[in-house]
$ cat run20.tsv   # TSV, C-alpha atoms and all ligand atoms
chain	number	residue	atom	x	y	z
A	1	MET	CA	122.96	114.92	89.52
A	2	PRO	CA	121.56	115.68	86.03
A	3	SER	CA	117.81	116.11	85.61
A	4	VAL	CA	115.77	113.01	84.79
A	5	GLU	CA	115.28	114.53	81.35
A	6	SER	CA	118.99	114.71	80.57
A	7	ALA	CA	119.60	111.29	82.15
A	8	ASP	CA	116.94	110.04	79.74
A	9	THR	CA	119.01	111.33	76.82
A	10	LEU	CA	122.05	109.48	78.20
A	11	ALA	CA	119.99	106.27	78.45
A	12	ASP	CA	118.83	106.64	74.85
A	13	LEU	CA	122.42	107.04	73.71
A	14	ALA	CA	123.44	104.00	75.79
A	15	VAL	CA	120.73	101.92	74.08
A	16	THR	CA	121.72	103.08	70.59
A	17	ILE	CA	125.41	102.35	71.09
A	18	ALA	CA	124.82	99.06	72.95
A	19	ARG	CA	122.56	97.82	70.14
A	20	GLU	CA	125.11	98.56	67.46
A	21	THR	CA	127.83	96.96	69.60
A	22	ALA	CA	125.64	93.89	70.20
A	23	ALA	CA	125.38	93.40	66.45
A	24	LEU	CA	129.18	93.59	66.15
A	25	ALA	CA	129.59	91.06	69.00
A	26	LEU	CA	127.38	88.61	67.14
A	27	ALA	CA	129.09	89.25	63.81
A	28	VAL	CA	132.55	88.29	65.09
A	29	ARG	CA	131.40	85.53	67.46
A	30	GLU	CA	131.95	82.59	65.16
A	31	ARG	CA	135.55	83.60	64.57
A	32	VAL	CA	136.00	84.06	68.32
A	33	VAL	CA	134.61	80.62	69.22
A	34	ALA	CA	136.95	79.01	66.68
A	35	GLY	CA	139.98	81.16	67.41
A	36	ARG	CA	142.79	81.62	69.88
A	37	LEU	CA	141.94	83.29	73.20
A	38	ASP	CA	144.19	85.63	75.19
A	39	THR	CA	143.90	85.64	78.98
A	40	LYS	CA	143.97	88.30	81.71
A	41	SER	CA	143.84	87.63	85.48
A	42	SER	CA	143.72	83.81	85.22
A	43	ALA	CA	143.71	81.00	82.64
A	44	THR	CA	139.90	81.24	82.37
A	45	ASP	CA	139.67	85.06	82.30
A	46	VAL	CA	139.73	85.42	78.54
A	47	VAL	CA	139.71	88.51	76.34
A	48	THR	CA	138.56	87.99	72.79
A	49	GLU	CA	138.62	89.90	69.54
A	50	GLY	CA	134.93	90.47	70.31
A	51	ASP	CA	135.68	92.25	73.62
A	52	THR	CA	138.35	94.53	72.16
A	53	ALA	CA	136.49	95.34	68.93
A	54	CYS	CA	133.27	96.03	70.84
A	55	GLU	CA	134.95	98.32	73.35
A	56	ALA	CA	136.71	100.20	70.54
A	57	LEU	CA	133.35	100.74	68.83
A	58	VAL	CA	131.73	102.01	72.05
A	59	ARG	CA	134.63	104.41	72.66
A	60	GLU	CA	134.45	105.68	69.08
A	61	ARG	CA	130.69	106.29	69.25
A	62	LEU	CA	130.90	107.98	72.65
A	63	ALA	CA	133.76	110.21	71.53
A	64	ALA	CA	131.74	111.31	68.51
A	65	ALA	CA	128.48	111.91	70.41
A	66	ARG	CA	129.88	113.30	73.68
A	67	PRO	CA	133.54	114.31	73.34
A	68	ASP	CA	133.73	115.83	76.84
A	69	ASP	CA	132.75	112.65	78.68
A	70	LEU	CA	135.18	110.13	80.16
A	71	VAL	CA	135.11	106.37	79.66
A	72	LEU	CA	136.03	103.50	81.98
A	73	GLY	CA	136.04	100.23	80.05
A	74	GLU	CA	136.82	96.66	81.06
A	75	GLU	CA	139.48	96.28	78.37
A	76	GLY	CA	140.86	99.79	77.90
A	77	GLY	CA	140.80	101.19	81.45
A	78	THR	CA	139.94	104.78	82.28
A	79	SER	CA	140.44	107.89	80.18
A	80	GLY	CA	140.89	110.16	83.21
A	81	THR	CA	139.59	111.26	86.60
A	82	PRO	CA	136.10	112.75	86.39
A	83	ALA	CA	135.60	116.35	87.47
A	84	PRO	CA	132.51	117.14	89.58
A	85	GLY	CA	129.41	116.82	87.41
A	86	GLN	CA	131.30	115.26	84.49
A	87	VAL	CA	129.79	112.16	82.89
A	88	ARG	CA	131.86	108.98	82.94
A	89	TRP	CA	130.67	105.99	80.93
A	90	VAL	CA	131.29	102.61	82.53
A	91	VAL	CA	131.46	99.99	79.80
A	92	ASP	CA	131.50	96.22	79.72
A	93	PRO	CA	131.75	95.54	75.99
A	94	ILE	CA	130.87	91.87	76.55
A	95	ASP	CA	129.72	90.80	79.98
A	96	GLY	CA	129.60	87.01	80.16
A	97	THR	CA	132.69	86.51	78.02
A	98	VAL	CA	132.97	82.83	78.91
A	99	ASN	CA	129.39	82.26	77.72
A	100	TYR	CA	130.26	84.23	74.59
A	101	THR	CA	133.24	82.00	73.80
A	102	HIS	CA	131.34	78.78	74.58
A	103	GLY	CA	128.29	79.36	72.41
A	104	LEU	CA	125.96	80.05	75.37
A	105	PRO	CA	123.40	82.83	74.81
A	106	TRP	CA	123.69	84.73	78.11
A	107	PHE	CA	126.02	87.64	77.48
A	108	SER	CA	125.43	91.35	77.14
A	109	VAL	CA	126.76	94.75	76.18
A	110	SER	CA	126.49	96.98	79.24
A	111	LEU	CA	126.82	100.78	79.35
A	112	GLY	CA	126.24	102.92	82.43
A	113	ALA	CA	126.60	106.70	82.66
A	114	GLU	CA	127.95	107.86	86.01
A	115	VAL	CA	127.96	111.36	87.47
A	116	ASP	CA	129.83	112.02	90.71
A	117	GLY	CA	130.29	108.27	91.20
A	118	ARG	CA	126.58	107.42	90.85
A	119	VAL	CA	125.08	105.71	87.83
A	120	VAL	CA	122.30	107.92	86.44
A	121	ALA	CA	121.41	106.06	83.26
A	122	GLY	CA	122.18	102.72	81.70
A	123	ALA	CA	121.41	100.07	79.15
A	124	VAL	CA	122.09	96.36	78.98
A	125	VAL	CA	121.51	94.77	75.58
A	126	GLU	CA	121.46	91.02	74.92
A	127	PRO	CA	122.85	90.34	71.43
A	128	VAL	CA	121.23	86.92	71.02
A	129	SER	CA	117.67	87.68	72.16
A	130	GLY	CA	117.79	91.37	71.27
A	131	ARG	CA	116.29	92.25	74.67
A	132	VAL	CA	116.97	95.81	75.80
A	133	TRP	CA	117.11	96.62	79.52
A	134	ARG	CA	117.14	100.36	80.22
A	135	ALA	CA	117.07	102.52	83.32
A	136	VAL	CA	117.13	106.18	84.31
A	137	ARG	CA	117.73	107.21	87.91
A	138	GLY	CA	114.40	108.43	89.21
A	139	GLY	CA	112.75	107.51	85.90
A	140	GLY	CA	112.24	103.75	86.25
A	141	ALA	CA	113.50	100.63	84.50
A	142	THR	CA	112.16	98.80	81.47
A	143	ARG	CA	112.69	95.67	79.40
A	144	ASP	CA	111.82	96.33	75.76
A	145	GLY	CA	109.78	99.31	76.95
A	146	GLU	CA	107.79	97.40	79.60
A	147	PRO	CA	108.16	98.62	83.20
A	148	LEU	CA	109.99	96.26	85.56
A	149	ARG	CA	109.16	95.30	89.13
A	150	VAL	CA	111.20	93.12	91.50
A	151	SER	CA	109.90	90.05	93.29
A	152	GLY	CA	107.91	90.65	96.47
A	153	LEU	CA	108.89	87.28	97.96
A	154	ASP	CA	110.05	87.27	101.59
A	155	ASP	CA	110.63	83.54	102.11
A	156	LEU	CA	114.26	82.47	101.63
A	157	GLY	CA	113.13	78.85	101.43
A	158	LEU	CA	111.24	79.63	98.22
A	159	ALA	CA	113.66	82.15	96.75
A	160	VAL	CA	115.54	81.49	93.50
A	161	VAL	CA	118.86	83.27	94.01
A	162	GLY	CA	121.53	83.92	91.41
A	163	THR	CA	125.22	84.10	92.16
A	164	GLY	CA	128.54	84.15	90.34
A	165	LEU	CA	132.04	82.75	90.69
A	166	ASN	CA	135.34	84.58	90.33
A	167	TYR	CA	138.10	83.96	87.79
A	168	ASP	CA	140.58	83.47	90.66
A	169	PRO	CA	140.43	79.73	91.46
A	170	ALA	CA	141.10	80.19	95.21
A	171	ARG	CA	138.32	82.73	95.55
A	172	ARG	CA	136.03	80.57	93.44
A	173	GLY	CA	136.60	77.75	95.95
A	174	ARG	CA	135.62	79.99	98.86
A	175	GLN	CA	132.54	81.16	96.94
A	176	ALA	CA	131.54	77.56	96.21
A	177	ALA	CA	131.97	76.66	99.88
A	178	LEU	CA	129.72	79.57	100.90
A	179	LEU	CA	127.19	78.50	98.27
A	180	ALA	CA	127.25	74.94	99.65
A	181	ARG	CA	126.44	76.33	103.10
A	182	VAL	CA	123.52	78.52	101.95
A	183	ALA	CA	122.03	76.45	99.09
A	184	GLY	CA	119.97	74.22	101.37
A	185	ARG	CA	118.32	77.26	102.94
A	186	LEU	CA	117.24	78.73	99.60
A	187	GLY	CA	114.51	77.65	97.19
A	188	ASP	CA	116.99	77.18	94.36
A	189	VAL	CA	120.21	78.62	92.96
A	190	ARG	CA	121.33	79.82	89.50
A	191	ARG	CA	124.75	80.75	88.04
A	192	THR	CA	124.19	82.26	84.60
A	193	GLY	CA	127.72	83.61	84.03
A	194	CYS	CA	126.67	87.18	83.27
A	195	ALA	CA	126.36	89.51	86.25
A	196	SER	CA	124.69	92.38	84.38
A	197	LEU	CA	121.93	90.00	83.28
A	198	ASP	CA	121.65	88.52	86.79
A	199	LEU	CA	120.90	92.07	87.97
A	200	CYS	CA	118.39	92.59	85.15
A	201	ALA	CA	116.77	89.22	85.93
A	202	THR	CA	116.43	90.37	89.54
A	203	ALA	CA	114.80	93.58	88.29
A	204	ALA	CA	112.27	91.50	86.34
A	205	GLY	CA	111.55	89.20	89.30
A	206	TRP	CA	112.93	86.24	87.31
A	207	LEU	CA	115.45	85.90	90.13
A	208	ASP	CA	114.33	86.77	93.66
A	209	GLY	CA	117.84	87.89	94.51
A	210	PHE	CA	121.48	87.87	93.44
A	211	TYR	CA	124.85	88.11	95.17
A	212	GLU	CA	128.48	87.83	94.15
A	213	HIS	CA	131.86	88.84	95.56
A	214	GLY	CA	134.59	90.44	93.41
A	215	LEU	CA	132.58	92.04	90.63
A	216	HIS	CA	133.98	95.12	88.90
A	217	ARG	CA	132.32	98.46	88.31
A	218	TRP	CA	131.74	97.64	84.61
A	219	ASP	CA	129.96	94.36	85.49
A	220	VAL	CA	127.41	96.11	87.70
A	221	ALA	CA	127.08	99.76	86.59
A	222	ALA	CA	124.08	99.53	84.27
A	223	GLY	CA	122.47	96.38	85.71
A	224	SER	CA	122.49	97.69	89.26
A	225	LEU	CA	120.54	100.78	88.18
A	226	VAL	CA	118.05	98.58	86.31
A	227	ALA	CA	117.57	96.55	89.51
A	228	GLU	CA	117.37	99.61	91.76
A	229	GLU	CA	114.87	101.39	89.54
A	230	ALA	CA	112.73	98.24	89.52
A	231	GLY	CA	112.54	98.46	93.31
A	232	ALA	CA	115.44	96.23	94.38
A	233	VAL	CA	117.60	96.91	97.38
A	234	VAL	CA	121.07	97.10	95.83
A	235	ARG	CA	124.36	96.83	97.68
A	236	LEU	CA	127.50	97.53	95.64
A	237	PRO	CA	131.21	96.82	96.18
A	238	GLY	CA	132.77	99.49	98.38
A	239	ALA	CA	129.91	99.45	100.88
A	240	ASP	CA	130.80	98.38	104.40
A	241	GLY	CA	129.42	97.72	107.84
A	242	ASP	CA	126.87	95.03	107.01
A	243	GLY	CA	129.23	92.05	107.34
A	244	LEU	CA	129.08	91.04	103.65
A	245	GLY	CA	132.63	92.21	102.95
A	246	THR	CA	133.66	95.26	100.94
A	247	GLU	CA	133.63	93.41	97.60
A	248	ALA	CA	130.07	92.08	97.75
A	249	THR	CA	127.30	92.92	95.34
A	250	LEU	CA	123.75	92.03	96.41
A	251	ALA	CA	120.39	92.83	94.85
A	252	ALA	CA	117.01	91.55	95.97
A	253	GLY	CA	113.43	92.56	96.46
A	254	PRO	CA	112.97	94.66	99.62
A	255	ALA	CA	111.39	91.80	101.59
A	256	LEU	CA	114.21	89.38	100.79
A	257	ALA	CA	117.30	91.62	100.94
A	258	GLY	CA	117.49	91.59	104.77
A	259	PRO	CA	117.04	87.81	105.25
A	260	LEU	CA	119.43	87.05	102.36
A	261	THR	CA	122.08	89.40	103.78
A	262	SER	CA	121.72	87.86	107.26
A	263	LEU	CA	122.03	84.32	105.92
A	264	LEU	CA	125.14	85.15	103.88
A	265	VAL	CA	126.77	87.00	106.78
A	266	ALA	CA	125.99	84.15	109.21
A	267	GLU	CA	127.60	81.69	106.78
A	268	GLY	CA	130.82	83.71	106.42
A	269	ALA	CA	130.29	85.97	103.41
A	270	GLY	CA	132.53	88.59	105.03
A	271	GLY	CA	135.58	86.38	104.44
A	272	ILE	CA	135.03	85.68	100.75
B	1	LIG	C1	132.05	88.12	84.49
B	1	LIG	C2	130.58	87.75	84.48
B	1	LIG	C3	130.32	86.58	85.45
B	1	LIG	C4	130.80	86.87	86.83
B	1	LIG	C5	132.28	87.23	86.81
B	1	LIG	C6	132.48	88.45	85.89
B	1	LIG	P1	133.07	89.22	82.25
B	1	LIG	O1	132.28	89.27	83.68
B	1	LIG	O2	129.77	88.83	84.84
B	1	LIG	O3	128.94	86.30	85.57
B	1	LIG	O4	130.59	85.74	87.65
B	1	LIG	O5	132.66	87.53	88.12
B	1	LIG	O6	133.84	88.79	85.90
B	1	LIG	O7	134.50	88.87	82.55
B	1	LIG	O8	132.41	88.18	81.43
B	1	LIG	O9	132.92	90.61	81.70
$ encode --input "run20.tsv" --output "structure tokens"
Amino acid sequence: MPSVESADTLADLAVTIARETAALALAVRERVVAGRLDTKSSATDVVTEGDTACEALVRERLAAARPDDLVLGEEGGTSGTPAPGQVRWVVDPIDGTVNYTHGLPWFSVSLGAEVDGRVVAGAVVEPVSGRVWRAVRGGGATRDGEPLRVSGLDDLGLAVVGTGLNYDPARRGRQAALLARVAGRLGDVRRTGCASLDLCATAAGWLDGFYEHGLHRWDVAAGSLVAEEAGAVVRLPGADGDGLGTEATLAAGPALAGPLTSLLVAEGAGGI
């Protein structure tokens, strides 16, 4: 793992590139909202001119600043298999694409820098508000420079919990059924449509917790580090043995993570 100092440099670069990309996302948004949308995994999984132009800009800036690094992007895939110690950038050029195309303000540009499969630095920038979420492994998490701290709540019955729904309609149905089973046991529920910002909101204590099945590496790379560095317990896809299922992401304050996991497992999260 790189030193905190060099991870800090990676986080600064992530912020610089994400800010410039956020400006581009806003600049082309009007055309995107009015225009034709191509689709990917399902009829609602859209890819816009904004997504492709933003990812191209990120790749161009990374190639110029750090030509030896690799990139894994939502739209362009991976540029190779990382060697030990090599930096790989995990990029969601626009997370919350459906919000982006519908005029809703909750979308982000998300850049995480991974070394040996672990995110060491990241930035999530919100084009509309201009908020900058930034984290360095071992160096803390901030929103616009202010340190972040997760919620200390331990009572599920008071907890406001975020979740998300998949593009695959069948899976979305199973997720909605799980949500119907757990909603009455929680304080309240939110679905913002932007997983990276759900993780950042958890870091800020705006959400007491968040879970979703089926997220990709680019959705969670930067946001999960923001949450973790703010003190959240973070569980990423690929983990196993806790009954949540291998594709679950969960983030919550330390007092809520256990009860939230148990509730989800008891209500069948493993089969989502
Ligand atoms: C999506 C968003 C959404 C989540 C979906 C993701 P995208 O990412 O993060 O909140 O519920 O599962 O795929 O497609 O907008 O980058």
$ residues_near_ligand --input "run20.tsv" --ligand "ligand LIG 1 (chain B)" --cutoff "8 Å" --atoms "only C-alpha atoms and all ligand atoms" --output "PyMOL selection string"
chain A and resi 45-46+74+92-99+107+163-167+191-196+198+212-216+218-219
$ closest_residue --input "run20.tsv" --among "A:Tyr100, A:Pro2, A:Thr16, A:Ala159" --to "A:Val28" --atoms "only C-alpha atoms"
A:Tyr100
$ atom_distance --input "run20.tsv" --atom1 "atom CA of A:Trp89" --atom2 "atom CA of A:Gly117"
10.5 Å
$ residues_around --input "run20.tsv" --residues "A:Val87" --least-positions-apart "5" --cutoff "7 Å" --atoms "only C-alpha atoms" --output "VMD selection string"
chain A and resid 69 to 70 113 to 115
$ write_last_selection --input "run20.tsv" --atoms "C-alpha atoms" --output "mmCIF file, in the frame of the given file"
data_model
loop_
_atom_site.group_PDB
_atom_site.id
_atom_site.type_symbol
_atom_site.label_atom_id
_atom_site.label_comp_id
_atom_site.auth_asym_id
_atom_site.auth_seq_id
_atom_site.Cartn_x
_atom_site.Cartn_y
_atom_site.Cartn_z
ATOM 1 C CA ASP A 69 132.750 112.650 78.680
ATOM 2 C CA LEU A 70 135.180 110.130 80.160
ATOM 3 C CA ALA A 113 126.600 106.700 82.660
ATOM 4 C CA GLU A 114 127.950 107.860 86.010
ATOM 5 C CA VAL A 115 127.960 111.360 87.470
#
$ residues_around --input "run20.tsv" --residues "A:Arg137" --least-positions-apart "5" --cutoff "12 Å" --atoms "only C-alpha atoms" --output "ChimeraX atom specification"
/A:1-11,112-115,118-123,142,222,224-231
$ residues_near_point --input "run20.tsv" --point "(126.4, 98.8, 99.9)" --cutoff "12 Å" --atoms "all atoms listed in the file" --output "list in words"
Tyr211, Ser224, Val233, Val234, Arg235, Leu236, Pro237, Gly238, Ala239, Asp240, Gly241, Asp242, Gly243, Leu244, Gly245, Thr246, Glu247, Ala248, Thr249, Leu250, Ala251, Ala257 and Thr261 of chain A
$ residues_around --input "run20.tsv" --residues "A:Ala25" --least-positions-apart "3" --cutoff "7 Å" --atoms "only C-alpha atoms" --output "PyMOL selection string"
chain A and resi 21-22+28-29+50+54
$ residues_near_point --input "run20.tsv" --point "(129.9, 81.2, 65.4)" --cutoff "12 Å" --atoms "all atoms listed in the file" --output "number ranges by chain"
A: 25-35, 50, 100-105, 128
$ closest_residue --input "run20.tsv" --among "A:Trp106, A:Asp116, A:Leu57, A:Leu179" --to "A:Thr81" --atoms "all atoms listed in the file"
A:Asp116
$ residues_around --input "run20.tsv" --residues "A:Val125" --least-positions-apart "6" --cutoff "9 Å" --atoms "all atoms listed in the file" --output "list of chain:residue names"
A:Val15, A:Ala18, A:Arg19, A:Thr21, A:Ala22, A:Phe107, A:Ser108, A:Val109, A:Ser110, A:Leu111, A:Arg131, A:Val132, A:Trp133, A:Arg134
$ atom_distance --input "run20.tsv" --atom1 "atom CA of A:Pro147" --atom2 "atom CA of A:Ser262"
29.6 Å
$ atom_distance --input "run20.tsv" --atom1 "atom CA of A:Gly152" --atom2 "atom CA of A:Gly209"
10.5 Å
$ axis_aligned_box --input "run20.tsv" --around "stretch 256-263 of chain A" --padding-each-side "4 Å" --output "AutoDock Vina command-line options"
--center_x 118.1 --center_y 88.0 --center_z 104.0 --size_x 15.9 --size_y 15.3 --size_z 14.5
$ residues_around --input "run20.tsv" --residues "A:Trp206" --least-positions-apart "3" --cutoff "9 Å" --atoms "all atoms listed in the file" --output "PyMOL selection string"
chain A and resi 150-151+160+200-203+209
$ build_atoms --input "run20.tsv" --residues "stretch 147-169 of chain A" --atoms "N, CA and C atoms" --output "PDB file, keeping the file's coordinate frame"
ATOM      1  N   PRO A 147     107.631  98.334  81.861  1.00  0.00           N
ATOM      2  CA  PRO A 147     108.160  98.620  83.200  1.00  0.00           C
ATOM      3  C   PRO A 147     108.478  97.345  83.989  1.00  0.00           C
ATOM      4  N   LEU A 148     109.535  97.428  84.796  1.00  0.00           N
ATOM      5  CA  LEU A 148     109.990  96.260  85.560  1.00  0.00           C
ATOM      6  C   LEU A 148     109.659  96.423  87.038  1.00  0.00           C
ATOM      7  N   ARG A 149     109.418  95.286  87.696  1.00  0.00           N
ATOM      8  CA  ARG A 149     109.160  95.300  89.130  1.00  0.00           C
ATOM      9  C   ARG A 149     109.816  94.060  89.752  1.00  0.00           C
ATOM     10  N   VAL A 150     110.539  94.253  90.851  1.00  0.00           N
ATOM     11  CA  VAL A 150     111.200  93.120  91.500  1.00  0.00           C
ATOM     12  C   VAL A 150     110.204  92.201  92.189  1.00  0.00           C
ATOM     13  N   SER A 151     110.696  91.029  92.545  1.00  0.00           N
ATOM     14  CA  SER A 151     109.900  90.050  93.290  1.00  0.00           C
ATOM     15  C   SER A 151     109.536  90.579  94.681  1.00  0.00           C
ATOM     16  N   GLY A 152     108.327  90.235  95.129  1.00  0.00           N
ATOM     17  CA  GLY A 152     107.910  90.650  96.470  1.00  0.00           C
ATOM     18  C   GLY A 152     108.102  89.538  97.498  1.00  0.00           C
ATOM     19  N   LEU A 153     108.728  88.449  97.096  1.00  0.00           N
ATOM     20  CA  LEU A 153     108.890  87.280  97.960  1.00  0.00           C
ATOM     21  C   LEU A 153     109.695  87.619  99.226  1.00  0.00           C
ATOM     22  N   ASP A 154     109.271  87.031 100.365  1.00  0.00           N
ATOM     23  CA  ASP A 154     110.050  87.270 101.590  1.00  0.00           C
ATOM     24  C   ASP A 154     110.581  85.959 102.193  1.00  0.00           C
ATOM     25  N   ASP A 155     110.287  84.845 101.542  1.00  0.00           N
ATOM     26  CA  ASP A 155     110.630  83.540 102.110  1.00  0.00           C
ATOM     27  C   ASP A 155     111.885  82.974 101.435  1.00  0.00           C
ATOM     28  N   LEU A 156     112.997  82.972 102.191  1.00  0.00           N
ATOM     29  CA  LEU A 156     114.260  82.470 101.630  1.00  0.00           C
ATOM     30  C   LEU A 156     114.121  81.046 101.114  1.00  0.00           C
ATOM     31  N   GLY A 157     113.296  80.263 101.787  1.00  0.00           N
ATOM     32  CA  GLY A 157     113.130  78.850 101.430  1.00  0.00           C
ATOM     33  C   GLY A 157     112.444  78.650 100.082  1.00  0.00           C
ATOM     34  N   LEU A 158     111.866  79.716  99.541  1.00  0.00           N
ATOM     35  CA  LEU A 158     111.240  79.630  98.220  1.00  0.00           C
ATOM     36  C   LEU A 158     112.019  80.423  97.170  1.00  0.00           C
ATOM     37  N   ALA A 159     112.997  81.177  97.633  1.00  0.00           N
ATOM     38  CA  ALA A 159     113.660  82.150  96.750  1.00  0.00           C
ATOM     39  C   ALA A 159     114.622  81.476  95.760  1.00  0.00           C
ATOM     40  N   VAL A 160     114.553  81.902  94.497  1.00  0.00           N
ATOM     41  CA  VAL A 160     115.540  81.490  93.500  1.00  0.00           C
ATOM     42  C   VAL A 160     116.594  82.604  93.444  1.00  0.00           C
ATOM     43  N   VAL A 161     117.800  82.258  93.834  1.00  0.00           N
ATOM     44  CA  VAL A 161     118.860  83.270  94.010  1.00  0.00           C
ATOM     45  C   VAL A 161     119.998  82.990  93.039  1.00  0.00           C
ATOM     46  N   GLY A 162     120.397  84.022  92.320  1.00  0.00           N
ATOM     47  CA  GLY A 162     121.530  83.920  91.410  1.00  0.00           C
ATOM     48  C   GLY A 162     122.824  84.257  92.126  1.00  0.00           C
ATOM     49  N   THR A 163     123.910  83.701  91.643  1.00  0.00           N
ATOM     50  CA  THR A 163     125.220  84.100  92.160  1.00  0.00           C
ATOM     51  C   THR A 163     126.242  83.932  91.049  1.00  0.00           C
ATOM     52  N   GLY A 164     127.487  84.275  91.335  1.00  0.00           N
ATOM     53  CA  GLY A 164     128.540  84.150  90.340  1.00  0.00           C
ATOM     54  C   GLY A 164     129.823  83.700  91.006  1.00  0.00           C
ATOM     55  N   LEU A 165     130.770  83.282  90.190  1.00  0.00           N
ATOM     56  CA  LEU A 165     132.040  82.750  90.690  1.00  0.00           C
ATOM     57  C   LEU A 165     133.182  83.487  90.014  1.00  0.00           C
ATOM     58  N   ASN A 166     134.218  83.756  90.793  1.00  0.00           N
ATOM     59  CA  ASN A 166     135.340  84.580  90.330  1.00  0.00           C
ATOM     60  C   ASN A 166     136.304  83.819  89.425  1.00  0.00           C
ATOM     61  N   TYR A 167     137.085  84.587  88.641  1.00  0.00           N
ATOM     62  CA  TYR A 167     138.100  83.960  87.790  1.00  0.00           C
ATOM     63  C   TYR A 167     139.257  83.391  88.623  1.00  0.00           C
ATOM     64  N   ASP A 168     139.496  83.960  89.809  1.00  0.00           N
ATOM     65  CA  ASP A 168     140.580  83.470  90.660  1.00  0.00           C
ATOM     66  C   ASP A 168     140.149  82.142  91.304  1.00  0.00           C
ATOM     67  N   PRO A 169     140.883  81.050  90.992  1.00  0.00           N
ATOM     68  CA  PRO A 169     140.430  79.730  91.460  1.00  0.00           C
ATOM     69  C   PRO A 169     140.278  79.647  92.982  1.00  0.00           C
TER      70      PRO A 169
END
